[in-house]
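One structure is given below, encoded as C-alpha cells.
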Amino acid sequence: MPPPPPPAAGVAMDFGQNSLFGYMEDLQELTIIERPVRRSLKTPEEIERLTVDEDLSDVERAVYLLSAGQDIQGTSVIANLPFLMRQNPTETVRRVLPKVREALHVAGVEMQLTAAVAFLTILQEESVSIHAYAHSFLQVILLHLEHRDAGVSNAWLETLLSVIEVLPKETLRHEILNPLVSKAQLSQTVQSRLISCKILGKLTNKFDAHTIKREILPLVKSLCQDVEYEVRSCMCRQLENIAQGIGTELTKSVVLPELIELSRDESSSVRLAAFETLVNLLEIFDTDDRSQTILPLVKSFCEKSFKADESILISLSFHLGKLCHGLYGIFTPDQHLRFLEFYKKLCTLGLQQENGHNDNQIPPQILEQEKKYASVRKNCAYNFPAMIVFVDPKNFHMELYSTFFCLCHDPEVPVRYTIAICFYEVSKLLNSGVYLIHKELITLLQDESLEVLDALIDHLPEILELMSTGGESSIQENKLSSLPDLIPALTAAEQRAAASLKWRTHEKLLQKYACLPHIISSDQIYYRFLQRMFTIMMTNNVLPVQKAASRTLCIFLRYNRKQEQRHEVIQKLIEQLGQGKSYWNRLRFLDTCEFIIEIFSKSFFCKYFFLPAIELTHDPVANVRMKLCCLLPKVKSTLKIPADKHLLQQLEMCVRKLLCQEKDKDVLAIVKRTVLELDRMEMSMDACHFKLQFQKKFYEKDLLDQEKEREELLFLEMEQLEKEKQQNDGRPSSDKIFEKKRKEIKKSKLIRSQSFNNQAFHAKYGNLEKCASKTTAGYTSSLSGLTKNSVLSLNDDSFRTRSASSAPASFSSNPPLPSTSRGTVSTADPKNSGSKDTQPRKATLKSRKSNP
C-alpha cells in the first residue's frame with residue numbers, strides 16, 4: 001500500500017482540539033483491542049500447574065494429567081487413548097483406563113464426546129481382543145448411554161451399536177439383552193425406551209429365530225404400542241431391520257400387522273414412519289399382500305397427503321420411485337392413471353401460487369411453505385427416471401414430456417440441479433426417442449446457475465453421444481445436424497464458467513469438451529473451439545484450467561482431419577508458447593508436450609516437438625529448465641533406436657551442457673537425479689533390433705504406439721480421399737474406399753481401448769525374438785564422466801529451432817514447421833526471451849494459487 005501523500009506546501013498540519021480528540025479515541029480503541037491479549041496470558045502459577053515432567057513415560061504422563069491436570073489436558077489424554085492402546089495396551093488398560101472412568105463421572109460434554117469417539121476408534125483398530133474390549137470398555141459405554149445431554153447420549157449409543165456388531169452371542173445376551181427387558185418398560189424414561197428401540201433393531205440379526213420370537217418380539221410389540229409417539233415412531237423405523245432378521249413368515253405374521261396399525265396412528269410422524277417402512281419392505285411381501293393390504297394403505301396415504309403437513313408430501317415424493325417399482329404390475333389401468341396424475345400434480349406443486357411480490361413482502365410462513373413445495377418438486381425430479389419406467393419410454397412424449405419441460409424450467413435452482421443430474425439416465429431410458437429432449441439439453445446448458453451446469457456436465461460426453469447416435473432422424477455421420485443450437489450453447493456455457501469464480505466447474509467443462517471430436521465435425525471444432533483453448537492457455541490465471549485447456553486442445557489436434565489446420569496449430573503452439581516471451585507460456589508449452597506424448601504417437605512428437613522442447617534447456621528462467629528436466633525421461637521414451645540416434649545425441653548434448661554449465665543449485669540437483677533416471681531407462685527399438693530381454697510391458701506400449709501411428713496415417717489418407725472425392729463429384733468407388741478407411745480408424749480406436757490378450761502377446765513376442773539380433777549401448781556409457789569437472793565445448797546452434805523473432809503472431813496460410821523427421825537434424829538461432837515480464841529471473845516452482 002503506498003504511503004499517504006505529504007501535505008501541500010504552505011498548509012500547516014491540524015493539531016486543533018477536534019483532531020487531538022480523534023487521536024485519543026484511536027489510542028483508546030487500540031487499548032481495548034490489546035486487553036484480551038493481556039488477559040489470555042498465563043500467570044507463573046498457572047504455567048507451573050500446566051508443566052509436566054519431561055522424563056515421564058506416555059502412560060505415566062496420562063495418569064498424572066487425568067489425576068491432577070485440568071479438563072483440557074484430560075480431554076487431550078482421552079483423545080490420545082487409541083495411540084496409547086497401540087503402544088502399550090496392557091499398561092493402558094491397567095493404569096490409564098481406571099482414571100478415565102473416574103474422569104468421565106464428572107466430565108463435561110466435550111470430554112464425553114471425545115471418549116465416545118476414542119472408544120469407537122479402539123474397537124475399529126482392534127488394539128485388543130473383543131473379549132478384552134468387552135471386559136474393559138463395554139461397561140463404561142453402557143454407563144453413559146443415558147447421559148442428560150442428547151448429543152453425548154447419541155454418541156455413546158453409536159459406539160454401542162458398532163460394538164454389538166462384533167460381540168459374541170453370550171456377551172450380548174448377558175450384558176445387553178437381559179438388562180434391555182427392564183429398560184424397555186413403561187416405568188423407564190422416554191430416553192431409555194428410545195435407546196431400547198435402536199438396540200433391538202441391531203440385536204435382531206445376532207440371534208436365532210427362536211430367541212427372537214421368544215425374547216425380542218414381545219419387547220418390539222410393547223414399544224410399538226407405547227404411550228409416547230416418539231417411542232412408537234422410533235420403534236416403527238426399526239421394524240425394517242427386524243423384518244430382515246426374522247424372515248418372511250414372521251414378518252407377515254408379526255411385523256405387517258403392527259405396520260398396518262401404526263399407519264393409522266393419530267400422530268402424523270408415526271404414520272409417516274409406517275409408510276416409509278412399508279415402502280422399504282415391499283420386496284419381502286408377495287403379490288397378494290401388496291395388492292390386498294399395502295396398495296389400499298398407499299392409496300389412502302396419497303389421498304390424505306395434501307390435507308396433512310407438508311413434511312408428509314416431502315417424504316411421499318421422495319419414495320415415489322421405489323413405490324412405483326415395488327407395486328409395478330399391480331395397478332389397474334385406472335389406478336395407474338390416477339397415480340401418474342398424482343405425480344404430475346406434485347411436480348407443479350406451489351407453482352400456481354406464484355405472484356409478483358418481493359420476498360420481503362411475503363409472510364414468513366408462506367416462504368417456509370414454498371421451500372417445502374420446492375423440496376417436493378426436487379424429489380419428483382429425483383424420481384423422474386423411475387416414472388419413465390412406470391409409464392414405458394414409448395409413452396414418454398404423450399405422458400411425461402410436459403412434466404419434464406416444467407422441471408427443466410422450474411424457478412428453483414435445486415429442482416433444475418436435480419433434473420440435470422438425472423438427465424443422463426433419462427437419455428438412456430429414452431434410447432431412440434432421445435431426440436425429444438434436445439431442447440431441454442440446450443435449456444440446461446444455458447441455465448443461469450453454474451450449479452445446474454456443473455451437474456449436467458458430469459455425464460455430458462455420454463449424453464452427447466446418445467444424442468448423436470440415437471433418434472429417428474440422426475445417423476452416425478450426421479453429427480447432431482438436427483441440433484443447430486448445441487455449439488452456441490456449449491460456447492456460452494464455457495464463457496459463463498470462465499467469467500465466474502468457480503474454476504473447478506470451468507476445468508471440468510474443458511475436460512468434458514474432449515469428447516467433441518466424436519460428436520461434431522473437425523471444422524466446427526477448429527473454428528468454434530480450438531482458438532478458445534489457445535486463449536485460455538495464454539490468458540487464464542488458474543493453472544488447472546490452463547492444463548485442462550491444453551489437454552483438450554491436444555485431443556482436438558489429434559482428431560483434426562485437415563493437415564493444413566494441424567500445421568497451423570502446431571506452429572502456433574511452438575511460436576506463441578514454446579518461444580513466447582512469457583516464461584509462464586513456456587511452462588505451459590512443456591505441459592502441452594507431456595500431453596502430446598500421452599495422446600500422439602512417438603514419431604509425431606519427435607517430428608514436431610522434440611527439438612522445440614529440448615531447446616528450453618537454454619531458457620533464462622530456472623523454473624522452465626527445472627520443469628524440462630523433469631520431463632526429459634518422457635521425452636527420451638519417444639525415441640526409437642537406431643532411427644532416432646541423432647535425436648538421442650542431441651538429448652545427450654543438452655544434458656551434458658546442463659551438468660557442466662548450470663549455476664542454479666536447485667536445477668542442478670534435479671538434473672543429476674534425471675541423469676540417473678535416464679540411465680535406468682529402457683530404449684524402444686525397431687522390430688529388427690528388438691532386445692531378447694525386452695519386457696512385456698514395453699512391448700505393449702510399443703504396440704499401442706504403432707496403433708496410434710497407424711491411425712494418424714489413416715487420417716492423412718482420409719483427407720486425401722476427401723479431396724479426391726470432391727474432385728470426382730462423389731463417385732461410388734471413392735465412397736467405398738472412404739467408408740473403408742473410416743471403419744479402419746474406428747477399429748484402431750477399439751483396439752487401443754481394449755487390454756491385450758496374453759495369447760496374442762506370446763505369439764507376436766515369439767516372432768519378434770527371431771528377428772532380434774542387436775542391442776544398443778547403454779545410456780550410462782554415453783553419459784559417463786558427466787559429473788566430472790571437465791568443460792565441454794558445445795555448439796548452441798546445433799540443436800535449436802528457428803528464432804522466435806521471425807514467427808508471425810497469427811496463423812499463416814502455409815506455415816513452415818520445425819520438423820524433426822527421423823534421419824534429419826534441424827538448426828535454429830537461440831531465442832532471447834526472458835521471464836514472464838520479459839526479465840530473466842528465478843521464480844518459485846510451486847503452482848499458482850487457485851481460487852478455492
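Here, A, B, ... name the chains of the C-alpha cells in the order displayed, residue numbers run from 1 inside each chain, and ligands are numbered from 1 in the same displayed order.
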Per-residue DSSP, range 551-581 of chain A, filtered to alpha helix (DSSP H), as a list in words | Arg551, Thr552, Leu553, Cys554, Ile555, Phe556, Leu557, Arg558, Gln563, Glu564, Gln565, Arg566, His567, Glu568, Val569, Ile570, Gln571 and Lys572 of chain A
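Taking CA of Ala243 in chain A as the reference point, CA of Asn379 in chain A is found at 26.9 Å.
The neighbours of Ile164 in chain A here are the residues that come within 9 Å of it, using only C-alpha atoms and leaving out any residue fewer than 3 positions away in the same chain; they are Thr159, Leu160, Leu161, Leu167, Pro168, Leu172, Ile176, Ile199, Lys202, Leu203 and Lys206 of chain A.
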Can you spit out the residues from that selection as a compact mmCIF listing (two decimals), in the first residue's frame, using all heavy atoms?
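Just written: selection24.txt:
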```txt
# COMPACT_ATOMS: atom_id res chain seq x y z
N THR A 159 -21.53 -45.71 19.41
CA THR A 159 -20.40 -46.59 19.75
C THR A 159 -20.91 -47.98 20.15
O THR A 159 -20.36 -49.00 19.72
CB THR A 159 -19.59 -45.97 20.90
OG1 THR A 159 -19.12 -44.68 20.51
CG2 THR A 159 -18.39 -46.84 21.26
N LEU A 160 -21.98 -48.02 20.96
CA LEU A 160 -22.53 -49.31 21.40
C LEU A 160 -23.05 -50.12 20.21
O LEU A 160 -22.84 -51.34 20.14
CB LEU A 160 -23.63 -49.08 22.42
CG LEU A 160 -24.35 -50.34 22.92
CD1 LEU A 160 -23.38 -51.27 23.65
CD2 LEU A 160 -25.53 -49.99 23.81
N LEU A 161 -23.75 -49.47 19.28
CA LEU A 161 -24.29 -50.19 18.12
C LEU A 161 -23.16 -50.79 17.28
O LEU A 161 -23.32 -51.88 16.71
CB LEU A 161 -25.14 -49.24 17.28
CG LEU A 161 -26.41 -48.69 17.94
CD1 LEU A 161 -27.14 -47.74 17.01
CD2 LEU A 161 -27.32 -49.82 18.38
N LEU A 167 -19.63 -58.29 19.09
CA LEU A 167 -19.65 -59.01 20.37
C LEU A 167 -20.16 -60.43 20.18
O LEU A 167 -21.06 -60.69 19.37
CB LEU A 167 -20.53 -58.28 21.38
CG LEU A 167 -19.96 -57.01 22.02
CD1 LEU A 167 -21.00 -56.39 22.95
CD2 LEU A 167 -18.68 -57.29 22.77
N PRO A 168 -19.64 -61.40 20.94
CA PRO A 168 -20.17 -62.77 20.87
C PRO A 168 -21.59 -62.84 21.43
O PRO A 168 -22.03 -61.99 22.21
CB PRO A 168 -19.18 -63.57 21.73
CG PRO A 168 -18.51 -62.57 22.60
CD PRO A 168 -18.48 -61.28 21.84
N LEU A 172 -23.66 -60.64 24.40
CA LEU A 172 -24.83 -59.83 24.04
C LEU A 172 -26.03 -60.19 24.92
O LEU A 172 -26.77 -59.31 25.37
CB LEU A 172 -25.18 -60.05 22.57
CG LEU A 172 -24.26 -59.41 21.53
CD1 LEU A 172 -24.65 -59.85 20.13
CD2 LEU A 172 -24.33 -57.89 21.63
N ILE A 176 -26.43 -57.11 27.43
CA ILE A 176 -27.29 -56.14 26.73
C ILE A 176 -28.74 -56.58 26.68
O ILE A 176 -29.64 -55.83 27.08
CB ILE A 176 -26.75 -55.90 25.29
CG1 ILE A 176 -25.36 -55.28 25.37
CG2 ILE A 176 -27.69 -55.00 24.50
CD1 ILE A 176 -24.70 -55.05 24.03
N ILE A 199 -31.45 -50.34 20.00
CA ILE A 199 -30.66 -51.54 20.32
C ILE A 199 -31.38 -52.79 19.82
O ILE A 199 -30.75 -53.72 19.30
CB ILE A 199 -30.39 -51.61 21.84
CG1 ILE A 199 -29.49 -50.45 22.26
CG2 ILE A 199 -29.75 -52.94 22.21
CD1 ILE A 199 -29.26 -50.38 23.75
N LYS A 202 -30.78 -53.50 16.23
CA LYS A 202 -29.45 -54.03 15.93
C LYS A 202 -29.29 -55.47 16.41
O LYS A 202 -28.56 -56.26 15.80
CB LYS A 202 -28.41 -53.13 16.58
CG LYS A 202 -26.98 -53.50 16.29
CD LYS A 202 -26.63 -53.32 14.82
CE LYS A 202 -26.56 -51.86 14.45
NZ LYS A 202 -26.03 -51.64 13.09
N LEU A 203 -29.98 -55.83 17.50
CA LEU A 203 -29.82 -57.17 18.07
C LEU A 203 -30.47 -58.27 17.24
O LEU A 203 -30.09 -59.45 17.35
CB LEU A 203 -30.41 -57.21 19.49
CG LEU A 203 -29.58 -56.58 20.61
CD1 LEU A 203 -30.36 -56.64 21.91
CD2 LEU A 203 -28.24 -57.30 20.76
N LYS A 206 -28.48 -60.85 15.38
CA LYS A 206 -27.45 -61.58 16.12
C LYS A 206 -27.95 -62.87 16.77
O LYS A 206 -27.15 -63.65 17.27
CB LYS A 206 -26.86 -60.67 17.22
CG LYS A 206 -26.36 -59.33 16.71
CD LYS A 206 -25.19 -59.48 15.75
CE LYS A 206 -23.96 -60.01 16.41
NZ LYS A 206 -22.80 -60.03 15.51
```
Spatial neighbours of range 504-517 of chain A, max dist 7 Å, only C-alpha atoms, sep filter under 6 positions, as JSON, numbers by chain = {"A": [454, 457, 460, 461, 494, 497, 498, 544, 545, 548, 549, 552, 555, 556, 559]}
Can I get the selection written as a short mmCIF file (atom, residue, chain, number, x, y, z; two decimals), in the first residue's frame, with N, CA and C atoms?
```
data_model
loop_
_atom_site.label_atom_id
_atom_site.label_comp_id
_atom_site.auth_asym_id
_atom_site.auth_seq_id
_atom_site.Cartn_x
_atom_site.Cartn_y
_atom_site.Cartn_z
N ASP A 454 -22.84 -27.51 -13.72
CA ASP A 454 -21.88 -28.45 -13.14
C ASP A 454 -22.48 -29.84 -13.01
N ILE A 457 -22.77 -31.47 -16.72
CA ILE A 457 -21.57 -31.83 -17.47
C ILE A 457 -20.88 -33.07 -16.91
N LEU A 460 -21.84 -35.27 -19.60
CA LEU A 460 -22.05 -34.61 -20.88
C LEU A 460 -21.55 -35.43 -22.08
N PRO A 461 -20.36 -36.05 -22.03
CA PRO A 461 -19.93 -36.86 -23.18
C PRO A 461 -20.91 -37.98 -23.52
N GLU A 494 -19.24 -22.31 -21.57
CA GLU A 494 -17.83 -22.16 -21.22
C GLU A 494 -17.51 -20.72 -20.83
N ALA A 497 -18.79 -20.04 -17.34
CA ALA A 497 -17.93 -20.66 -16.34
C ALA A 497 -16.62 -19.89 -16.20
N ALA A 498 -16.08 -19.40 -17.32
CA ALA A 498 -14.82 -18.66 -17.27
C ALA A 498 -14.98 -17.32 -16.55
N PRO A 544 -4.91 -25.32 -13.11
CA PRO A 544 -5.68 -26.50 -13.55
C PRO A 544 -6.54 -26.22 -14.78
N VAL A 545 -7.08 -25.00 -14.89
CA VAL A 545 -7.87 -24.65 -16.06
C VAL A 545 -6.99 -24.60 -17.30
N ALA A 548 -6.21 -28.14 -18.35
CA ALA A 548 -7.38 -28.79 -18.96
C ALA A 548 -7.56 -28.30 -20.40
N ALA A 549 -7.39 -27.00 -20.61
CA ALA A 549 -7.49 -26.46 -21.97
C ALA A 549 -6.40 -27.02 -22.86
N THR A 552 -7.26 -30.70 -23.79
CA THR A 552 -8.37 -30.74 -24.74
C THR A 552 -7.92 -30.26 -26.12
N ILE A 555 -6.25 -33.06 -27.88
CA ILE A 555 -7.21 -34.04 -28.41
C ILE A 555 -7.87 -33.49 -29.67
N PHE A 556 -8.20 -32.19 -29.67
CA PHE A 556 -8.74 -31.59 -30.90
C PHE A 556 -7.75 -31.74 -32.04
N TYR A 559 -7.55 -35.36 -33.59
CA TYR A 559 -8.62 -35.82 -34.48
C TYR A 559 -8.95 -34.80 -35.57
#
```
